[in-house]
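Trainee: Quick one: this structure, given as structure tokens, is what I'll be asking you about.
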Amino acid sequence: LRVGLVILGLGPWLMWRIEVSTPANRMLGVREGLTFQSLNVSPYASSACRAPPLVLWLNQLTALRQHLYALPNILLDVASGLMLRSTAHRLLQSSRADPDTLMALFLLNPFTIASCISGSTSTLELCACLTALWCGVTGKWLAAASSVAVAAYLGLHPFYLVVPIALLLAQRPGSPFYIDDSSTNLQVASVPSLQTTTCSAPLSGAHPDSSSPSLAKTESHRTHKTVTAIA
């Protein structure tokens, strides 16, 4: 579907649509930056190119071609769909949701298709975010950290994935953030027994001679004197 739309020439029209392609992520800025670079001029000599050097490097072989400019985005969309399917398969095992349906809804989303064939660099950022999420679910902490770093390199808002991914890694054995729930529950369960022992010790030792005959006789004498005084 994406290849057909690119061949039909829908991509150049979408490059100018602000709903899909903004000055910060549009392919036109990448093309201008690569053109300046081919002339031994800094890609950032003008204000048109706002793409980071990593994006320029990834698109240097395809950005200036008529139809091949969308090839990296198409491959990234396929990779994002597979990451989303694998993540859903691991997280939604107990539900009736179908991971294949979720991947199909993602790949057939009109906004995703338009963003892909317009050459928007947001596709790379989205793929990095989904890769970080998949690595967090599978317990690959180093790959998750690298994916978050790449996503934050392209845009600052993916930095908020640090806390959710750290929570996912805390549930995966083998990661440095893993928290053993069994040992935690054992420690919590042992606290009431300690409190019971502590509370029962003073009660058993508060009146060590409460059952002695002399103490009972003294208490009976005091009670008799109190009753006599009241009478």
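Chains: A, B, ... in order of the structure tokens. Residues: from 1 per chain. Ligands: from 1, in order shown.
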Which neighbours of A:Gly4 fall inside 12 Å, counting only C-alpha atoms, when residues of the same chain fewer than 3 positions from it are skipped, and could you give them as a ChimeraX atom specification?

Mentor: /A:1,7-11,67,70,74,113,117

Trainee: Identify, on the basis of only C-alpha atoms, every residue whose closest approach to A:Leu68 does not exceed 10 Å; exclude the query and any residue fewer than 5 positions from it along the same chain; express the result as JSON, numbers by chain.

Mentor: {"A": [3, 6, 7, 59, 61, 62, 63, 73, 74]}

Trainee: Can you tell me which residues surround A:Ala51 at a distance of at most 7 Å, considering only C-alpha atoms, apart from same-chain residues fewer than 5 positions away, and format the answer as a list in words?

Mentor: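 Near neighbours after the sequence-gap exclusion: Ala24, Asn25, Val30 and Leu56 of chain A.
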
Trainee: If you run DSSP over the backbone, which residues in stretch 94-188 of chain A end up alpha helix (DSSP H)? Put them as a PyMOL selection string.

Mentor: chain A and resi 99-107+110-117+122-138+141-154+162-169+181-188

Trainee: Measuring atom to atom with only C-alpha atoms, identify which of A:Ser146, A:Ser115, A:Thr101, A:Gln60 is nearest to A:Ala88.

Mentor: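 Of A:Ser146, A:Ser115, A:Thr101, A:Gln60, the one nearest A:Ala88, counting only C-alpha atoms, is A:Thr101.
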
Trainee: When you count only C-alpha atoms, which of these residues is closest to A:Ala45: A:Gly29, A:Ala151, A:Leu105, A:Ser118?

Mentor: A:Gly29

Trainee: Skipping near chain neighbours, those fewer than 4 positions away, what residues fall within 12 Å of A:Leu108 using only C-alpha atoms, listed as number ranges by chain?

Mentor: A: 1-2, 77-78, 81, 101-104, 112-116

Trainee: Using only C-alpha atoms, which of the listed residues (A:Leu34, A:Ala149, A:Leu107, A:Ala143) sits closest to A:Ser80?

Mentor: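 The answer is A:Leu107, which sits nearest to A:Ser80.
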
Trainee: Interatomic distance between atom CA of A:Leu76 and atom CA of A:Cys135?

Mentor: 16.4 Å

Trainee: From the list A:Ala145, A:Leu54, A:Val20, A:Leu64, which residue is nearest A:Ser38 when using only C-alpha atoms?

Mentor: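 Residue with the minimum atom-to-atom distance to A:Ser38: A:Leu64.
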
Trainee: Which one is closest to A:Leu82: A:Val137, A:Thr131, A:Leu142, A:Leu126? Count only C-alpha atoms.

Mentor: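 Checking each candidate against A:Leu82, we get A:Thr131 as the closest.
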